[in-house]
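S.K.: My questions all concern the structure below.
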Amino acid sequence: MLTPTPDFHRAVGIPRSAAIEHPYGRPVGEVGDRDGQRRVLQATLAVLVEAARPGEVRHLPFSWPQEAKHTKWQPAEMSPIVKANLEAIKAARSR
């Protein structure tokens, strides 16, 4: 499990966790940063292979490059799931 909340995941019984200090919604890295995302995923897979005992948490050596409030959270295009359900989402928000 790649997680920004390792204590929670340990408490619920996740067998191995790779902890990362990235904002929620961006655990593998910034949008469009393929090389950075690849490094995070490779480090996460290494934790899964190398973890010696259940409940082990390893903190990955990555940090977010900017303050979270400056992060672009939304992609340029709407996700297909949101697009297909946009009217239902608008109706739910108006209630």
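Chain identifiers are assigned as A, B, and so on, following the order in which chains appear in the structure tokens; residues are numbered from 1 within each chain, and ligands are numbered from 1 in order of appearance.
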Hey, what's within 7 Å of Leu60 in chain A if we count only C-alpha atoms and toss same-chain stuff fewer than 4 positions away? As a VMD selection string, please?
M.R.: chain A and resid 18 to 20
S.K.: With C-alpha atoms retained, write the just-selected residues as a PDB file, in the first residue's frame.
M.R.:
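Output file result20.pdb follows:
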ATOM      1  CA  ALA A  18       5.200   2.478   1.729  1.00  0.00           C
ATOM      2  CA  ALA A  19       4.652   5.821   3.407  1.00  0.00           C
ATOM      3  CA  ILE A  20       5.024   8.977   1.359  1.00  0.00           C
TER       4      ILE A  20
END
S.K.: For range 18-95 of chain A versus range 4-14 of chain A, which residues have an atom no more than 10 Å away, and what is each residue's nearest atom pair and distance in Å rounded to one decimal, using only C-alpha atoms, chain-then-number order, as CSV?
M.R.:
residue,atom,partner,partner_atom,distance
A:Ala18,CA,A:Pro6,CA,7.6
A:Ala19,CA,A:Pro6,CA,5.6
A:Ile20,CA,A:Pro4,CA,5.1
A:Glu21,CA,A:Pro4,CA,5.6
A:His22,CA,A:Pro4,CA,6.3
A:Pro23,CA,A:Pro4,CA,7.2
A:Tyr24,CA,A:Pro4,CA,6.9
A:Gly25,CA,A:Pro4,CA,9.5
A:Arg26,CA,A:Pro4,CA,9.3
A:Pro27,CA,A:Pro4,CA,6.9
A:Pro54,CA,A:Ile14,CA,8.0
A:Gly55,CA,A:Arg10,CA,5.9
A:Glu56,CA,A:Arg10,CA,8.0
A:Val57,CA,A:Pro6,CA,6.9
A:Arg58,CA,A:Pro6,CA,8.9
A:His59,CA,A:Pro6,CA,8.8
S.K.: Could you write those residues out with N, CA and C atoms, as a tab-separated table (two decimals), in the first residue's frame?
M.R.:
chain	number	residue	atom	x	y	z
A	18	ALA	N	4.18	1.53	2.13
A	18	ALA	CA	5.20	2.48	1.73
A	18	ALA	C	4.61	3.85	2.02
A	19	ALA	N	5.17	4.52	3.01
A	19	ALA	CA	4.65	5.82	3.41
A	19	ALA	C	5.31	6.92	2.57
A	20	ILE	N	4.50	7.88	2.18
A	20	ILE	CA	5.02	8.98	1.36
A	20	ILE	C	4.40	10.28	1.82
A	21	GLU	N	5.19	11.32	1.85
A	21	GLU	CA	4.68	12.62	2.28
A	21	GLU	C	4.31	13.46	1.06
A	22	HIS	N	3.25	13.01	0.40
A	22	HIS	CA	2.67	13.72	-0.72
A	22	HIS	C	1.24	14.08	-0.34
A	23	PRO	N	0.67	15.11	-0.95
A	23	PRO	CA	-0.71	15.48	-0.64
A	23	PRO	C	-1.69	14.38	-1.03
A	24	TYR	N	-2.83	14.36	-0.34
A	24	TYR	CA	-3.89	13.43	-0.71
A	24	TYR	C	-4.27	13.64	-2.17
A	25	GLY	N	-4.55	12.55	-2.85
A	25	GLY	CA	-4.92	12.63	-4.25
A	25	GLY	C	-3.74	12.63	-5.21
A	26	ARG	N	-2.53	12.72	-4.69
A	26	ARG	CA	-1.34	12.72	-5.54
A	26	ARG	C	-0.25	11.83	-4.94
A	27	PRO	N	-0.57	10.59	-4.55
A	27	PRO	CA	0.42	9.77	-3.87
A	27	PRO	C	1.63	9.41	-4.74
A	54	PRO	N	4.90	-8.67	8.68
A	54	PRO	CA	3.58	-8.04	8.53
A	54	PRO	C	3.52	-6.74	9.33
A	55	GLY	N	2.86	-5.76	8.77
A	55	GLY	CA	2.70	-4.48	9.45
A	55	GLY	C	3.87	-3.53	9.26
A	56	GLU	N	4.87	-3.95	8.49
A	56	GLU	CA	6.05	-3.11	8.31
A	56	GLU	C	5.71	-1.87	7.49
A	57	VAL	N	6.23	-0.73	7.92
A	57	VAL	CA	6.06	0.54	7.22
A	57	VAL	C	7.44	1.08	6.89
A	58	ARG	N	7.63	1.42	5.63
A	58	ARG	CA	8.88	2.07	5.23
A	58	ARG	C	8.54	3.44	4.66
A	59	HIS	N	9.26	4.43	5.10
A	59	HIS	CA	9.04	5.79	4.62
A	59	HIS	C	9.91	6.02	3.39
S.K.: Pull the strand (DSSP E or B) assignments for chain A out of DSSP run on the backbone, and list those residues as a ChimeraX atom specification.
M.R.: /A:2-3,16-21,56-63
S.K.: So that I have them on file, write out the residues from the current selection with N, CA and C atoms, as a PDB file, in the first residue's frame.
M.R.:
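The resulting part_6.pdb:
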ATOM      1  N   LEU A   2       0.693   2.107  -0.958  1.00  0.00           N
ATOM      2  CA  LEU A   2       1.344   3.410  -0.977  1.00  0.00           C
ATOM      3  C   LEU A   2       0.405   4.367  -0.275  1.00  0.00           C
ATOM      4  N   THR A   3       0.861   5.026   0.779  1.00  0.00           N
ATOM      5  CA  THR A   3      -0.062   5.808   1.589  1.00  0.00           C
ATOM      6  C   THR A   3       0.559   7.053   2.206  1.00  0.00           C
ATOM      7  N   ARG A  16       1.797  -4.430   4.485  1.00  0.00           N
ATOM      8  CA  ARG A  16       3.026  -3.679   4.199  1.00  0.00           C
ATOM      9  C   ARG A  16       2.637  -2.319   3.649  1.00  0.00           C
ATOM     10  N   SER A  17       3.344  -1.292   4.094  1.00  0.00           N
ATOM     11  CA  SER A  17       3.030   0.052   3.612  1.00  0.00           C
ATOM     12  C   SER A  17       4.289   0.802   3.236  1.00  0.00           C
ATOM     13  N   ALA A  18       4.180   1.525   2.134  1.00  0.00           N
ATOM     14  CA  ALA A  18       5.200   2.478   1.729  1.00  0.00           C
ATOM     15  C   ALA A  18       4.611   3.850   2.021  1.00  0.00           C
ATOM     16  N   ALA A  19       5.167   4.518   3.010  1.00  0.00           N
ATOM     17  CA  ALA A  19       4.652   5.821   3.407  1.00  0.00           C
ATOM     18  C   ALA A  19       5.306   6.916   2.568  1.00  0.00           C
ATOM     19  N   ILE A  20       4.502   7.881   2.178  1.00  0.00           N
ATOM     20  CA  ILE A  20       5.024   8.977   1.359  1.00  0.00           C
ATOM     21  C   ILE A  20       4.398  10.281   1.824  1.00  0.00           C
ATOM     22  N   GLU A  21       5.193  11.318   1.849  1.00  0.00           N
ATOM     23  CA  GLU A  21       4.682  12.621   2.280  1.00  0.00           C
ATOM     24  C   GLU A  21       4.312  13.457   1.061  1.00  0.00           C
ATOM     25  N   GLU A  56       4.873  -3.951   8.493  1.00  0.00           N
ATOM     26  CA  GLU A  56       6.051  -3.105   8.312  1.00  0.00           C
ATOM     27  C   GLU A  56       5.706  -1.868   7.487  1.00  0.00           C
ATOM     28  N   VAL A  57       6.233  -0.734   7.921  1.00  0.00           N
ATOM     29  CA  VAL A  57       6.061   0.536   7.216  1.00  0.00           C
ATOM     30  C   VAL A  57       7.444   1.076   6.887  1.00  0.00           C
ATOM     31  N   ARG A  58       7.634   1.422   5.635  1.00  0.00           N
ATOM     32  CA  ARG A  58       8.881   2.073   5.231  1.00  0.00           C
ATOM     33  C   ARG A  58       8.535   3.438   4.659  1.00  0.00           C
ATOM     34  N   HIS A  59       9.261   4.426   5.096  1.00  0.00           N
ATOM     35  CA  HIS A  59       9.039   5.788   4.619  1.00  0.00           C
ATOM     36  C   HIS A  59       9.905   6.025   3.387  1.00  0.00           C
ATOM     37  N   LEU A  60       9.258   6.370   2.293  1.00  0.00           N
ATOM     38  CA  LEU A  60       9.973   6.606   1.038  1.00  0.00           C
ATOM     39  C   LEU A  60      10.657   7.972   1.079  1.00  0.00           C
ATOM     40  N   PRO A  61      11.792   8.094   0.412  1.00  0.00           N
ATOM     41  CA  PRO A  61      12.588   9.326   0.484  1.00  0.00           C
ATOM     42  C   PRO A  61      12.173  10.396  -0.524  1.00  0.00           C
ATOM     43  N   PHE A  62      10.875  10.617  -0.656  1.00  0.00           N
ATOM     44  CA  PHE A  62      10.386  11.616  -1.598  1.00  0.00           C
ATOM     45  C   PHE A  62       9.657  12.711  -0.834  1.00  0.00           C
ATOM     46  N   SER A  63       9.777  13.928  -1.313  1.00  0.00           N
ATOM     47  CA  SER A  63       9.027  15.026  -0.703  1.00  0.00           C
ATOM     48  C   SER A  63       8.343  15.813  -1.811  1.00  0.00           C
TER      49      SER A  63
END
S.K.: What does the distance between CA of Arg39 in chain A and CA of Pro65 in chain A come to in Å, to one decimal place?
M.R.: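 Distance reported for this atom pair: 14.7 Å.
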S.K.: Based on DSSP run over this structure's backbone, return all residues of range 13-92 of chain A in helix (DSSP H, G or I), as a PyMOL selection string.
M.R.: chain A and resi 34-50+68-70+80-84+86-92
S.K.: Kindly save the residues from that selection, with N, CA and C atoms included, as a compact mmCIF listing (two decimals), in the first residue's frame.
M.R.:
# COMPACT_ATOMS: atom_id res chain seq x y z
N ARG A 34 6.24 11.83 -15.32
CA ARG A 34 6.36 10.38 -15.53
C ARG A 34 7.58 9.79 -14.85
N ASP A 35 8.72 10.46 -14.92
CA ASP A 35 9.93 9.92 -14.30
C ASP A 35 9.80 9.86 -12.78
N GLY A 36 9.27 10.93 -12.20
CA GLY A 36 9.08 10.95 -10.75
C GLY A 36 8.08 9.89 -10.31
N GLN A 37 6.99 9.75 -11.06
CA GLN A 37 5.99 8.74 -10.74
C GLN A 37 6.58 7.34 -10.83
N ARG A 38 7.41 7.11 -11.83
CA ARG A 38 8.05 5.81 -12.00
C ARG A 38 8.96 5.50 -10.79
N ARG A 39 9.71 6.50 -10.33
CA ARG A 39 10.59 6.30 -9.17
C ARG A 39 9.77 5.95 -7.92
N VAL A 40 8.65 6.63 -7.73
CA VAL A 40 7.79 6.34 -6.57
C VAL A 40 7.25 4.92 -6.67
N LEU A 41 6.77 4.53 -7.83
CA LEU A 41 6.21 3.18 -7.99
C LEU A 41 7.27 2.10 -7.83
N GLN A 42 8.46 2.34 -8.34
CA GLN A 42 9.54 1.35 -8.18
C GLN A 42 9.93 1.22 -6.71
N ALA A 43 9.99 2.33 -6.00
CA ALA A 43 10.32 2.28 -4.57
C ALA A 43 9.22 1.57 -3.79
N THR A 44 7.96 1.79 -4.18
CA THR A 44 6.84 1.11 -3.52
C THR A 44 6.91 -0.39 -3.74
N LEU A 45 7.17 -0.81 -4.97
CA LEU A 45 7.30 -2.24 -5.25
C LEU A 45 8.47 -2.86 -4.50
N ALA A 46 9.55 -2.12 -4.33
CA ALA A 46 10.70 -2.62 -3.56
C ALA A 46 10.29 -2.88 -2.11
N VAL A 47 9.46 -2.01 -1.55
CA VAL A 47 8.97 -2.23 -0.18
C VAL A 47 8.18 -3.53 -0.11
N LEU A 48 7.34 -3.77 -1.07
CA LEU A 48 6.53 -4.99 -1.07
C LEU A 48 7.40 -6.24 -1.15
N VAL A 49 8.49 -6.16 -1.90
CA VAL A 49 9.39 -7.29 -2.05
C VAL A 49 10.27 -7.47 -0.81
N GLU A 50 10.75 -6.37 -0.25
CA GLU A 50 11.76 -6.43 0.80
C GLU A 50 11.21 -6.43 2.22
N ALA A 68 1.53 22.44 -0.65
CA ALA A 68 0.35 21.79 -1.22
C ALA A 68 -0.65 22.80 -1.76
N LYS A 69 -0.75 23.97 -1.14
CA LYS A 69 -1.74 24.96 -1.60
C LYS A 69 -1.43 25.49 -3.00
N HIS A 70 -0.20 25.28 -3.49
CA HIS A 70 0.16 25.73 -4.83
C HIS A 70 0.05 24.63 -5.88
N PRO A 80 -13.74 10.97 -17.52
CA PRO A 80 -14.91 10.41 -18.22
C PRO A 80 -16.04 10.03 -17.27
N ILE A 81 -15.71 9.57 -16.08
CA ILE A 81 -16.75 9.20 -15.12
C ILE A 81 -17.52 10.42 -14.66
N VAL A 82 -16.80 11.49 -14.34
CA VAL A 82 -17.47 12.73 -13.93
C VAL A 82 -18.29 13.28 -15.08
N LYS A 83 -17.71 13.29 -16.27
CA LYS A 83 -18.42 13.82 -17.44
C LYS A 83 -19.73 13.09 -17.69
N ALA A 84 -19.70 11.77 -17.58
CA ALA A 84 -20.90 10.96 -17.81
C ALA A 84 -21.97 11.19 -16.74
N LEU A 86 -22.24 14.16 -14.84
CA LEU A 86 -22.21 15.56 -14.47
C LEU A 86 -23.57 16.09 -14.03
N GLU A 87 -24.60 15.76 -14.74
CA GLU A 87 -25.93 16.25 -14.37
C GLU A 87 -26.37 15.73 -13.00
N ALA A 88 -26.10 14.47 -12.73
CA ALA A 88 -26.44 13.89 -11.42
C ALA A 88 -25.63 14.56 -10.31
N ILE A 89 -24.37 14.86 -10.58
CA ILE A 89 -23.51 15.52 -9.59
C ILE A 89 -24.04 16.92 -9.30
N LYS A 90 -24.40 17.66 -10.35
CA LYS A 90 -24.95 19.01 -10.17
C LYS A 90 -26.24 18.96 -9.36
N ALA A 91 -27.08 17.99 -9.67
CA ALA A 91 -28.36 17.87 -8.94
C ALA A 91 -28.12 17.55 -7.47
N ALA A 92 -27.17 16.69 -7.19
CA ALA A 92 -26.86 16.33 -5.81
C ALA A 92 -26.30 17.53 -5.05
S.K.: Would you mind telling me which residue in A:Ser94, A:Glu67, A:Pro15, A:Glu77 lies nearest to Ala51 in chain A when using only C-alpha atoms?
M.R.: A:Pro15
